[in-house]
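Okay, work-v1.cif now, which holds mmCIF, C-alpha atoms:
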data_my_file
#
loop_
_atom_site.group_PDB
_atom_site.id
_atom_site.type_symbol
_atom_site.label_atom_id
_atom_site.label_comp_id
_atom_site.auth_asym_id
_atom_site.auth_seq_id
_atom_site.Cartn_x
_atom_site.Cartn_y
_atom_site.Cartn_z
ATOM 1 C CA MET Y 1 92.710 64.099 101.059
ATOM 2 C CA LYS Y 2 94.479 64.305 97.710
ATOM 3 C CA ILE Y 3 92.118 67.024 96.520
ATOM 4 C CA LYS Y 4 92.781 68.991 99.726
ATOM 5 C CA GLU Y 5 96.547 68.664 99.197
ATOM 6 C CA PHE Y 6 96.163 69.676 95.558
ATOM 7 C CA PHE Y 7 94.325 72.866 96.545
ATOM 8 C CA LYS Y 8 96.832 73.591 99.320
ATOM 9 C CA LYS Y 9 99.711 73.298 96.842
ATOM 10 C CA LEU Y 10 97.812 75.365 94.307
ATOM 11 C CA PHE Y 11 97.362 78.217 96.756
ATOM 12 C CA THR Y 12 100.829 78.123 98.277
ATOM 13 C CA GLN Y 13 102.276 78.617 94.801
ATOM 14 C CA CYS Y 14 99.895 81.552 94.222
ATOM 15 C CA ILE Y 15 98.533 79.990 91.010
ATOM 16 C CA GLY Y 16 95.256 79.344 92.786
ATOM 17 C CA LEU Y 17 95.027 82.980 93.842
ATOM 18 C CA LYS Y 18 95.630 84.057 90.252
ATOM 19 C CA ILE Y 19 92.859 81.750 89.016
ATOM 20 C CA LEU Y 20 90.494 82.945 91.756
ATOM 21 C CA ALA Y 21 91.309 86.607 91.046
ATOM 22 C CA ALA Y 22 90.807 86.071 87.290
ATOM 23 C CA LEU Y 23 87.472 84.363 87.911
ATOM 24 C CA LEU Y 24 86.246 87.124 90.223
ATOM 25 C CA ALA Y 25 87.474 89.820 87.826
ATOM 26 C CA PHE Y 26 85.667 88.132 84.925
ATOM 27 C CA LEU Y 27 82.453 87.845 86.947
ATOM 28 C CA ALA Y 28 82.715 91.480 88.036
ATOM 29 C CA LEU Y 29 83.235 92.597 84.435
ATOM 30 C CA VAL Y 30 80.271 90.610 83.138
ATOM 31 C CA VAL Y 31 77.934 91.692 85.944
ATOM 32 C CA VAL Y 32 78.889 95.364 85.778
ATOM 33 C CA GLN Y 33 78.454 95.453 82.001
ATOM 34 C CA ALA Y 34 75.189 93.486 82.152
ATOM 35 C CA CYS Y 35 73.750 95.856 84.754
ATOM 36 C CA VAL Y 36 74.921 99.000 82.994
ATOM 37 C CA LEU Y 37 73.703 97.897 79.545
ATOM 38 C CA MET K 1 65.507 90.950 86.767
ATOM 39 C CA THR K 2 64.466 87.447 85.852
ATOM 40 C CA ILE K 3 67.018 84.719 85.109
ATOM 41 C CA SER K 4 66.218 84.768 81.384
ATOM 42 C CA GLU K 5 66.813 88.538 81.282
ATOM 43 C CA ILE K 6 70.124 88.114 83.126
ATOM 44 C CA THR K 7 71.249 85.348 80.743
ATOM 45 C CA GLU K 8 70.292 87.518 77.808
ATOM 46 C CA LYS K 9 72.301 90.456 79.134
ATOM 47 C CA ILE K 10 75.349 88.324 79.961
ATOM 48 C CA LEU K 11 75.267 86.816 76.468
ATOM 49 C CA ALA K 12 74.967 90.308 75.017
ATOM 50 C CA VAL K 13 78.098 91.380 76.943
ATOM 51 C CA LEU K 14 80.034 88.313 75.799
ATOM 52 C CA THR K 15 79.058 88.617 72.146
ATOM 53 C CA ASP K 16 79.294 92.404 71.909
ATOM 54 C CA PHE K 17 83.008 92.554 72.723
ATOM 55 C CA HIS K 18 84.706 95.931 73.126
ATOM 56 C CA TRP K 19 88.413 96.606 73.741
ATOM 57 C CA THR K 20 87.655 98.532 76.945
ATOM 58 C CA TYR K 21 86.516 95.220 78.483
ATOM 59 C CA VAL K 22 90.151 94.070 78.467
ATOM 60 C CA LEU K 23 91.229 97.181 80.392
ATOM 61 C CA GLU K 24 88.359 96.740 82.830
ATOM 62 C CA PHE K 25 89.286 93.095 83.367
ATOM 63 C CA VAL K 26 92.962 93.960 83.943
ATOM 64 C CA MET K 27 92.016 96.637 86.500
ATOM 65 C CA PHE K 28 89.680 94.326 88.385
ATOM 66 C CA TYR K 29 92.210 91.487 88.237
ATOM 67 C CA THR K 30 95.107 93.594 89.538
ATOM 68 C CA VAL K 31 93.205 94.952 92.542
ATOM 69 C CA ILE K 32 91.630 91.592 93.441
ATOM 70 C CA TYR K 33 94.861 89.622 92.987
ATOM 71 C CA TYR K 34 96.991 91.971 95.106
ATOM 72 C CA ALA K 35 94.343 92.189 97.844
ATOM 73 C CA LEU K 36 94.089 88.374 97.976
ATOM 74 C CA LYS K 37 97.860 87.826 97.714
ATOM 75 C CA VAL K 38 98.657 90.264 100.522
ATOM 76 C CA CYS K 39 96.130 88.535 102.830
ATOM 77 C CA TRP K 40 97.311 85.046 101.880
ATOM 78 C CA ARG K 41 100.995 85.842 102.401
ATOM 79 C CA ASN K 42 100.308 87.477 105.788
ATOM 80 C CA ASN K 43 98.500 84.525 107.298
ATOM 81 C CA ALA K 44 95.061 86.050 106.929
ATOM 82 C CA LYS K 45 93.614 83.169 104.917
ATOM 83 C CA SER K 46 90.167 83.539 106.444
ATOM 84 C CA VAL K 47 90.081 87.093 105.057
ATOM 85 C CA VAL K 48 90.668 85.645 101.562
ATOM 86 C CA TRP K 49 87.541 83.509 101.844
ATOM 87 C CA LEU K 50 85.537 86.333 103.451
ATOM 88 C CA TYR K 51 86.592 88.670 100.629
ATOM 89 C CA THR K 52 85.604 86.075 98.007
ATOM 90 C CA PHE K 53 82.186 85.368 99.544
ATOM 91 C CA GLY K 54 81.543 89.061 100.136
ATOM 92 C CA PHE K 55 82.487 89.768 96.539
ATOM 93 C CA LEU K 56 80.118 87.073 95.216
ATOM 94 C CA ALA K 57 77.320 88.251 97.524
ATOM 95 C CA LEU K 58 77.664 91.828 96.272
ATOM 96 C CA LEU K 59 77.667 90.607 92.673
ATOM 97 C CA ALA K 60 74.478 88.651 93.362
ATOM 98 C CA ILE K 61 72.865 91.761 94.879
ATOM 99 C CA ALA K 62 73.916 93.814 91.858
ATOM 100 C CA LEU K 63 72.574 91.177 89.481
ATOM 101 C CA PHE K 64 69.284 90.269 91.173
ATOM 102 C CA GLY K 65 68.560 93.612 92.810
ATOM 103 C CA LYS K 66 65.487 95.563 91.768
ATOM 104 C CA SER K 67 67.367 98.651 90.629
ATOM 105 C CA ASN K 68 70.694 99.400 88.961
ATOM 106 C CA LEU K 69 71.872 100.942 92.216
ATOM 107 C CA GLY K 70 73.259 97.533 93.284
ATOM 108 C CA VAL K 71 76.110 97.722 90.809
ATOM 109 C CA TYR K 72 77.225 101.109 92.127
ATOM 110 C CA VAL K 73 77.066 99.798 95.693
ATOM 111 C CA PHE K 74 79.163 96.820 94.551
ATOM 112 C CA LEU K 75 81.812 99.058 92.968
ATOM 113 C CA LEU K 76 81.939 101.358 96.006
ATOM 114 C CA VAL K 77 82.220 98.523 98.545
ATOM 115 C CA PHE K 78 84.760 96.715 96.323
ATOM 116 C CA ILE K 79 87.020 99.788 96.168
ATOM 117 C CA VAL K 80 86.694 100.536 99.906
ATOM 118 C CA ILE K 81 87.328 96.929 101.064
ATOM 119 C CA SER K 82 90.222 96.357 98.626
ATOM 120 C CA GLY K 83 91.778 99.691 99.602
ATOM 121 C CA PHE K 84 91.395 98.833 103.275
ATOM 122 C CA LEU K 85 93.079 95.423 102.841
ATOM 123 C CA LEU K 86 95.932 96.919 100.834
ATOM 124 C CA SER K 87 96.506 99.696 103.384
ATOM 125 C CA MET K 88 96.316 97.229 106.282
ATOM 126 C CA PHE K 89 99.345 95.421 104.917
ATOM 127 C CA SER K 90 101.089 98.506 103.513
ATOM 128 C CA VAL K 91 104.406 97.623 105.184
ATOM 129 C CA GLU K 92 104.483 94.201 103.530
ATOM 130 C CA ILE K 93 103.548 95.745 100.168
ATOM 131 C CA LYS K 94 106.303 98.341 100.524
ATOM 132 C CA ARG K 95 108.816 95.602 101.241
ATOM 133 C CA SER K 96 107.753 93.537 98.233
ATOM 134 C CA ILE K 97 108.045 96.655 96.050
ATOM 135 C CA TRP K 98 111.607 97.297 97.270
ATOM 136 C CA TYR K 99 112.489 93.701 96.598
ATOM 137 C CA ALA K 100 110.957 93.740 93.117
ATOM 138 C CA LYS K 101 112.623 97.075 92.352
ATOM 139 C CA ARG K 102 116.093 95.778 93.142
ATOM 140 C CA PRO K 103 116.826 92.642 91.125
ATOM 141 C CA SER K 104 120.508 93.279 91.847
ATOM 142 C CA LEU K 105 119.702 92.753 95.548
ATOM 143 C CA GLN K 106 118.078 89.384 94.824
ATOM 144 C CA MET K 107 121.172 88.372 92.853
ATOM 145 C CA ALA K 108 123.475 89.685 95.576
ATOM 146 C CA GLU K 109 121.564 87.727 98.211
ATOM 147 C CA LYS K 110 121.866 84.564 96.168
ATOM 148 C CA ASN K 111 125.566 85.109 95.578
ATOM 149 C CA ALA K 112 126.375 86.582 99.006
ATOM 150 C CA PRO K 113 128.753 83.833 100.207
ATOM 151 C CA LYS K 114 130.662 83.855 96.920
ATOM 152 C CA THR K 115 131.112 87.618 96.443
ATOM 153 C CA LYS K 116 134.335 89.292 97.469
ATOM 154 C CA ILE K 117 134.536 92.025 100.078
ATOM 155 C CA SER K 118 137.179 94.735 99.639
ATOM 156 C CA ILE K 119 139.831 95.450 102.287
ATOM 157 C CA LYS K 120 138.095 98.670 103.408
ATOM 158 C CA GLU K 121 134.742 96.905 103.798
ATOM 159 C CA GLN K 122 136.425 94.047 105.620
ATOM 160 C CA ALA K 123 137.920 96.602 108.044
ATOM 161 C CA CYS K 124 134.436 98.041 108.670
ATOM 162 C CA ILE K 125 133.063 94.534 109.322
ATOM 163 C CA ASP K 126 135.937 93.698 111.693
ATOM 164 C CA ASN K 127 135.463 96.962 113.624
ATOM 165 C CA ILE K 128 131.705 96.460 114.010
ATOM 166 C CA VAL K 129 132.088 92.785 114.991
ATOM 167 C CA HIS K 130 134.824 93.644 117.536
ATOM 168 C CA ALA K 131 132.716 96.431 119.073
ATOM 169 C CA VAL K 132 129.545 94.317 119.205
ATOM 170 C CA GLN K 133 131.428 91.443 120.848
ATOM 171 C CA ASN K 134 132.868 93.765 123.499
ATOM 172 C CA LEU K 135 129.480 95.371 124.150
ATOM 173 C CA SER K 136 127.883 91.933 124.461
ATOM 174 C CA LYS K 137 130.621 90.715 126.810
ATOM 175 C CA ASN K 138 130.089 93.714 129.111
ATOM 176 C CA ASP K 139 126.255 93.591 128.886
ATOM 177 C CA VAL K 140 126.080 97.020 127.325
ATOM 178 C CA GLY K 141 122.971 97.577 125.225
ATOM 179 C CA ALA K 142 123.402 98.688 121.617
ATOM 180 C CA LEU K 143 121.267 99.323 118.570
ATOM 181 C CA ILE K 144 123.040 99.609 115.214
ATOM 182 C CA VAL K 145 121.072 100.292 112.016
ATOM 183 C CA LEU K 146 122.801 99.329 108.764
ATOM 184 C CA SER K 147 121.208 101.825 106.417
ATOM 185 C CA ALA K 148 120.991 101.727 102.651
ATOM 186 C CA GLY K 149 120.644 105.515 102.543
ATOM 187 C CA ASN K 150 116.861 105.158 102.569
ATOM 188 C CA LEU K 151 115.967 106.064 106.143
ATOM 189 C CA PRO K 152 113.453 108.900 106.547
ATOM 190 C CA LYS K 153 115.151 112.252 107.146
ATOM 191 C CA GLU K 154 113.275 112.647 110.451
ATOM 192 C CA VAL K 155 114.869 109.465 111.837
ATOM 193 C CA VAL K 156 118.437 110.464 110.903
ATOM 194 C CA GLU K 157 118.005 114.032 112.127
ATOM 195 C CA SER K 158 116.470 112.945 115.444
ATOM 196 C CA GLY K 159 119.997 112.108 116.617
ATOM 197 C CA VAL K 160 123.402 113.727 116.272
ATOM 198 C CA LEU K 161 124.968 113.697 112.802
ATOM 199 C CA LEU K 162 128.498 112.277 112.924
ATOM 200 C CA ASN K 163 129.628 111.238 109.416
ATOM 201 C CA SER K 164 132.717 109.683 110.921
ATOM 202 C CA ALA K 165 134.757 106.645 109.973
ATOM 203 C CA ILE K 166 133.795 103.334 111.560
ATOM 204 C CA SER K 167 135.987 102.329 114.484
ATOM 205 C CA SER K 168 135.305 99.854 117.279
ATOM 206 C CA GLN K 169 136.423 102.396 119.914
ATOM 207 C CA LEU K 170 133.933 104.995 118.672
ATOM 208 C CA ILE K 171 131.068 102.472 118.579
ATOM 209 C CA GLU K 172 131.862 101.275 122.105
ATOM 210 C CA GLY K 173 132.222 104.871 123.285
ATOM 211 C CA ILE K 174 128.807 105.845 121.944
ATOM 212 C CA PHE K 175 127.052 103.031 123.789
ATOM 213 C CA VAL K 176 128.790 103.446 127.154
ATOM 214 C CA PRO K 177 126.000 103.796 129.773
ATOM 215 C CA LYS K 178 125.474 107.389 130.891
ATOM 216 C CA ALA K 179 127.045 108.666 127.652
ATOM 217 C CA PRO K 180 124.655 111.223 126.082
ATOM 218 C CA LEU K 181 124.069 109.202 122.912
ATOM 219 C CA HIS K 182 123.906 105.695 124.368
ATOM 220 C CA ASP K 183 120.118 105.511 124.510
ATOM 221 C CA GLY K 184 119.361 105.928 120.819
ATOM 222 C CA ALA K 185 120.255 104.076 117.665
ATOM 223 C CA MET K 186 123.502 104.399 115.753
ATOM 224 C CA ILE K 187 123.114 104.564 111.991
ATOM 225 C CA VAL K 188 125.845 103.094 109.811
ATOM 226 C CA TYR K 189 125.769 103.915 106.124
ATOM 227 C CA GLY K 190 128.445 102.190 104.096
ATOM 228 C CA ASP K 191 131.848 102.963 105.591
ATOM 229 C CA LYS K 192 130.582 105.831 107.752
ATOM 230 C CA ILE K 193 128.772 106.221 111.055
ATOM 231 C CA GLN K 194 126.090 108.580 109.814
ATOM 232 C CA ALA K 195 124.436 109.479 113.130
ATOM 233 C CA ALA K 196 123.972 108.348 116.736
ATOM 234 C CA GLY K 197 121.312 108.791 119.418
ATOM 235 C CA CYS K 198 118.522 108.476 116.844
ATOM 236 C CA PHE K 199 114.915 107.673 117.728
ATOM 237 C CA LEU K 200 113.274 104.844 115.837
ATOM 238 C CA PRO K 201 109.605 103.888 115.458
ATOM 239 C CA LEU K 202 108.528 100.918 117.607
ATOM 240 C CA THR K 203 106.908 97.837 116.118
ATOM 241 C CA GLN K 204 103.266 97.245 117.051
ATOM 242 C CA LYS K 205 103.441 93.491 116.406
ATOM 243 C CA GLU K 206 103.195 90.880 119.167
ATOM 244 C CA PHE K 207 106.591 89.809 120.510
ATOM 245 C CA PRO K 208 107.692 88.014 123.707
ATOM 246 C CA LYS K 209 107.824 90.175 126.830
ATOM 247 C CA GLU K 210 111.608 89.866 127.096
ATOM 248 C CA PHE K 211 111.849 92.111 124.014
ATOM 249 C CA GLY K 212 112.249 95.594 125.406
ATOM 250 C CA THR K 213 112.042 98.968 123.733
ATOM 251 C CA ARG K 214 115.434 98.512 122.041
ATOM 252 C CA HIS K 215 114.315 95.308 120.313
ATOM 253 C CA ARG K 216 110.955 96.810 119.391
ATOM 254 C CA ALA K 217 112.675 99.849 117.881
ATOM 255 C CA GLY K 218 115.111 97.606 115.973
ATOM 256 C CA ILE K 219 112.246 95.601 114.482
ATOM 257 C CA GLY K 220 110.121 98.718 113.919
ATOM 258 C CA VAL K 221 112.695 100.471 111.732
ATOM 259 C CA THR K 222 112.955 97.444 109.398
ATOM 260 C CA GLU K 223 109.200 97.739 108.886
ATOM 261 C CA ILE K 224 109.408 101.296 107.568
ATOM 262 C CA ALA K 225 112.648 101.027 105.579
ATOM 263 C CA ASP K 226 114.742 98.394 103.818
ATOM 264 C CA VAL K 227 117.496 98.346 106.461
ATOM 265 C CA MET K 228 119.276 95.739 108.584
ATOM 266 C CA VAL K 229 119.722 96.026 112.353
ATOM 267 C CA ILE K 230 122.080 94.640 115.009
ATOM 268 C CA ILE K 231 120.863 94.650 118.622
ATOM 269 C CA VAL K 232 122.789 93.877 121.805
ATOM 270 C CA SER K 233 120.582 93.212 124.818
ATOM 271 C CA GLU K 234 121.442 95.254 127.918
ATOM 272 C CA GLU K 235 120.138 92.568 130.320
ATOM 273 C CA THR K 236 121.595 89.432 128.767
ATOM 274 C CA GLY K 237 124.215 90.604 126.269
ATOM 275 C CA ILE K 238 122.515 88.474 123.584
ATOM 276 C CA ILE K 239 123.275 89.628 120.056
ATOM 277 C CA SER K 240 120.290 89.713 117.669
ATOM 278 C CA THR K 241 119.974 90.667 114.019
ATOM 279 C CA VAL K 242 116.844 91.964 112.307
ATOM 280 C CA LYS K 243 116.040 91.911 108.613
ATOM 281 C CA GLU K 244 112.667 92.579 106.956
ATOM 282 C CA GLY K 245 110.911 92.552 110.344
ATOM 283 C CA ASN K 246 112.299 89.110 111.259
ATOM 284 C CA ILE K 247 114.539 88.852 114.308
ATOM 285 C CA THR K 248 117.297 86.239 114.713
ATOM 286 C CA ARG K 249 118.534 85.798 118.293
ATOM 287 C CA TYR K 250 121.733 84.273 119.703
ATOM 288 C CA VAL K 251 123.834 85.319 116.714
ATOM 289 C CA ASN K 252 127.462 84.158 117.006
ATOM 290 C CA THR K 253 130.556 85.844 115.553
ATOM 291 C CA GLU K 254 130.357 83.928 112.290
ATOM 292 C CA GLY K 255 126.662 84.735 111.905
ATOM 293 C CA LEU K 256 127.339 88.426 112.592
ATOM 294 C CA LYS K 257 130.150 88.501 110.022
ATOM 295 C CA ASN K 258 127.902 86.902 107.389
ATOM 296 C CA PHE K 259 125.128 89.387 108.246
ATOM 297 C CA LEU K 260 127.509 92.313 107.754
ATOM 298 C CA LYS K 261 128.955 90.770 104.585
ATOM 299 C CA GLU K 262 125.432 90.522 103.209
ATOM 300 C CA TYR K 263 124.891 94.219 104.007
ATOM 301 C CA TYR K 264 128.134 95.315 102.362
ATOM 302 C CA THR K 265 127.508 93.115 99.324
ATOM 303 C CA LYS K 266 124.078 94.715 99.007
ATOM 304 C CA GLU K 267 125.269 98.253 99.729
ATOM 305 C CA PHE K 268 128.546 98.282 97.827
ATOM 306 C CA GLY K 269 127.461 95.926 95.048
ATOM 307 C CA ALA K 270 128.858 92.589 93.973
ATOM 308 C CA ASP K 271 131.622 94.333 91.986
ATOM 309 C CA GLY K 272 132.910 96.165 95.049
ATOM 310 C CA LYS K 273 131.702 99.555 93.795
ATOM 311 C CA LYS K 274 131.617 102.096 96.600
ATOM 312 C CA ALA K 275 128.498 103.914 97.748
ATOM 313 C CA GLU K 276 130.532 106.952 98.863
ATOM 314 C CA GLY K 277 128.925 110.367 98.519
ATOM 315 C CA LYS K 278 125.443 108.883 98.654
ATOM 316 C CA THR K 279 124.926 109.953 102.247
ATOM 317 C CA ARG K 280 121.942 112.192 102.663
#

Can you turn what I pasted into structure tokens?
Amino acid sequence: MKIKEFFKKLFTQCIGLKILAALLAFLALVVVQACVL
Amino acid sequence: MTISEITEKILAVLTDFHWTYVLEFVMFYTVIYYALKVCWRNNAKSVVWLYTFGFLALLAIALFGKSNLGVYVFLLVFIVISGFLLSMFSVEIKRSIWYAKRPSLQMAEKNAPKTKISIKEQACIDNIVHAVQNLSKNDVGALIVLSAGNLPKEVVESGVLLNSAISSQLIEGIFVPKAPLHDGAMIVYGDKIQAAGCFLPLTQKEFPKEFGTRHRAGIGVTEIADVMVIIVSEETGIISTVKEGNITRYVNTEGLKNFLKEYYTKEFGADGKKAEGKTR
């Protein structure tokens, strides 16, 4: 329950979205470069 | 590609750092963050998770696919889906851009109850409040747009240009049933009635059935421009105010005065500087 609340709070403050976006952007960068190389 | 080959390539990317990687990361981050934020803020949380899983699935295809074509498919689908999400919520994005562009507006909103209103602005507020009260009392429908000079030209020119001083008699006269201009919207810009009988775009959002065309038009115009709207219902005489697509019903005199004060604080500035001559 506490973990659920923690994630809810994280996303309502948009910090979670920033972390998620940064993670996805990093993955995209690595994959694109790895495939192109 | 085998897993060892993939690990090798990923390690090669991480060790062989190039400054263009930073730019690439920033571009990816910006598009992904805004697409996710717009969905999250507009109650489309399931889309956030769908976007994330779709994104990861495409990355997996690009990584484990037999040819390099997967990465191009990933980039294409990523651009198309992100563009689609951003365009789907274009109204909300526009509004957030206006808000971010005008820090003075954020300050004015915070300080609205404290800021002073000049005598001329107070006269405008009194005239509008008096007219709206009379219209409400007599169940006469009215639609008043408080413009910040940012309405599309087509909207303003769809009615009759007036550029006249604000007076309660004139406002009441415009909205008298059977009067030629009573069916459209009246546009107020600062201390002038800019135009009357204007046609506004209708909102496409879901609203209760008691909201007629007048209410839908009042909400619709706040979706395309940063304006405030006062609506008087023809059936019930209920006064409503609309701001940023949100409607407030059953507004009393005090609420209406505060709404107009907020507009004049925003339009004329906290220092009482006039917006005269800005009419377009």

Legend entry - Residue list for chain K near chain Y as number ranges by chain, 9 Å, all atoms listed in the file: K: 6, 8-14, 21, 24-34, 36-37, 40-41, 52, 55-56, 59-60, 62-63, 68, 70-72, 74-75

Inset, instruction - Name the residues captured by the PyMOL selection byres ((chain K and resi 251) around 12) when it is applied to the shown file; answer as a ChimeraX atom specification. - result: /K:129,132-133,136,230-233,237-242,247-250,252-260

Go ahead and dump the residues you just picked, C-alpha atoms, as a PDB file, in the coordinates of the input.
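Output (part-v9.pdb):
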ATOM      1  CA  VAL K 129     132.088  92.785 114.991  1.00  0.00           C
ATOM      2  CA  VAL K 132     129.545  94.317 119.205  1.00  0.00           C
ATOM      3  CA  GLN K 133     131.428  91.443 120.848  1.00  0.00           C
ATOM      4  CA  SER K 136     127.883  91.933 124.461  1.00  0.00           C
ATOM      5  CA  ILE K 230     122.080  94.640 115.009  1.00  0.00           C
ATOM      6  CA  ILE K 231     120.863  94.650 118.622  1.00  0.00           C
ATOM      7  CA  VAL K 232     122.789  93.877 121.805  1.00  0.00           C
ATOM      8  CA  SER K 233     120.582  93.212 124.818  1.00  0.00           C
ATOM      9  CA  GLY K 237     124.215  90.604 126.269  1.00  0.00           C
ATOM     10  CA  ILE K 238     122.515  88.474 123.584  1.00  0.00           C
ATOM     11  CA  ILE K 239     123.275  89.628 120.056  1.00  0.00           C
ATOM     12  CA  SER K 240     120.290  89.713 117.669  1.00  0.00           C
ATOM     13  CA  THR K 241     119.974  90.667 114.019  1.00  0.00           C
ATOM     14  CA  VAL K 242     116.844  91.964 112.307  1.00  0.00           C
ATOM     15  CA  ILE K 247     114.539  88.852 114.308  1.00  0.00           C
ATOM     16  CA  THR K 248     117.297  86.239 114.713  1.00  0.00           C
ATOM     17  CA  ARG K 249     118.534  85.798 118.293  1.00  0.00           C
ATOM     18  CA  TYR K 250     121.733  84.273 119.703  1.00  0.00           C
ATOM     19  CA  ASN K 252     127.462  84.158 117.006  1.00  0.00           C
ATOM     20  CA  THR K 253     130.556  85.844 115.553  1.00  0.00           C
ATOM     21  CA  GLU K 254     130.357  83.928 112.290  1.00  0.00           C
ATOM     22  CA  GLY K 255     126.662  84.735 111.905  1.00  0.00           C
ATOM     23  CA  LEU K 256     127.339  88.426 112.592  1.00  0.00           C
ATOM     24  CA  LYS K 257     130.150  88.501 110.022  1.00  0.00           C
ATOM     25  CA  ASN K 258     127.902  86.902 107.389  1.00  0.00           C
ATOM     26  CA  PHE K 259     125.128  89.387 108.246  1.00  0.00           C
ATOM     27  CA  LEU K 260     127.509  92.313 107.754  1.00  0.00           C
TER      28      LEU K 260
END

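The space between CA of Ser46 in chain K and CA of Pro208 in chain K spans 25.0 Å.
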
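Between CA of Ala196 in chain K and CA of Ala131 in chain K the interatomic distance comes to 15.0 Å.
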
Inset, instruction - List every protein, DNA or RNA residue that has at least one atom no more than 7 Å from (107.2, 94.6, 114.1) in the file's coordinates, counting all atoms listed in the file, and write the result as a PyMOL selection string. - result: chain K and resi 203-205+216+219-220+223+245

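Applied to this file, the PyMOL selection byres ((chain K and resi 51) around 10) selects the residues Ile32, Ala35, Leu36, Cys39, Lys45, Ser46, Val47, Val48, Trp49, Leu50, Thr52, Phe53, Gly54, Phe55, Leu56, Ala57, Phe78, Ile81, Ser82 and Leu85 of chain K.
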
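As for CA of Val91 in chain K and CA of Ile224 in chain K, they are spaced 6.6 Å apart.
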
Inset, instruction - Within 6 Å of Val140 in chain K, counting all atoms listed in the file, which residues show up once you throw out same-chain ones fewer than 2 positions away? Write them as an MDAnalysis selection string, please. - result: chainID K and resid 135 138 234

Output C-alpha atoms for every residue in the selection just made, as a compact mmCIF listing (two decimals), in the coordinates of the input.
# COMPACT_ATOMS: atom_id res chain seq x y z
CA LEU K 135 129.48 95.37 124.15
CA ASN K 138 130.09 93.71 129.11
CA GLU K 234 121.44 95.25 127.92

Inset, instruction - Using all atoms listed in the file, find the one residue out of K:Tyr189, K:Phe17, K:Tyr264, K:Phe84 that sits nearest to Ile166 in chain K. - result: K:Tyr189
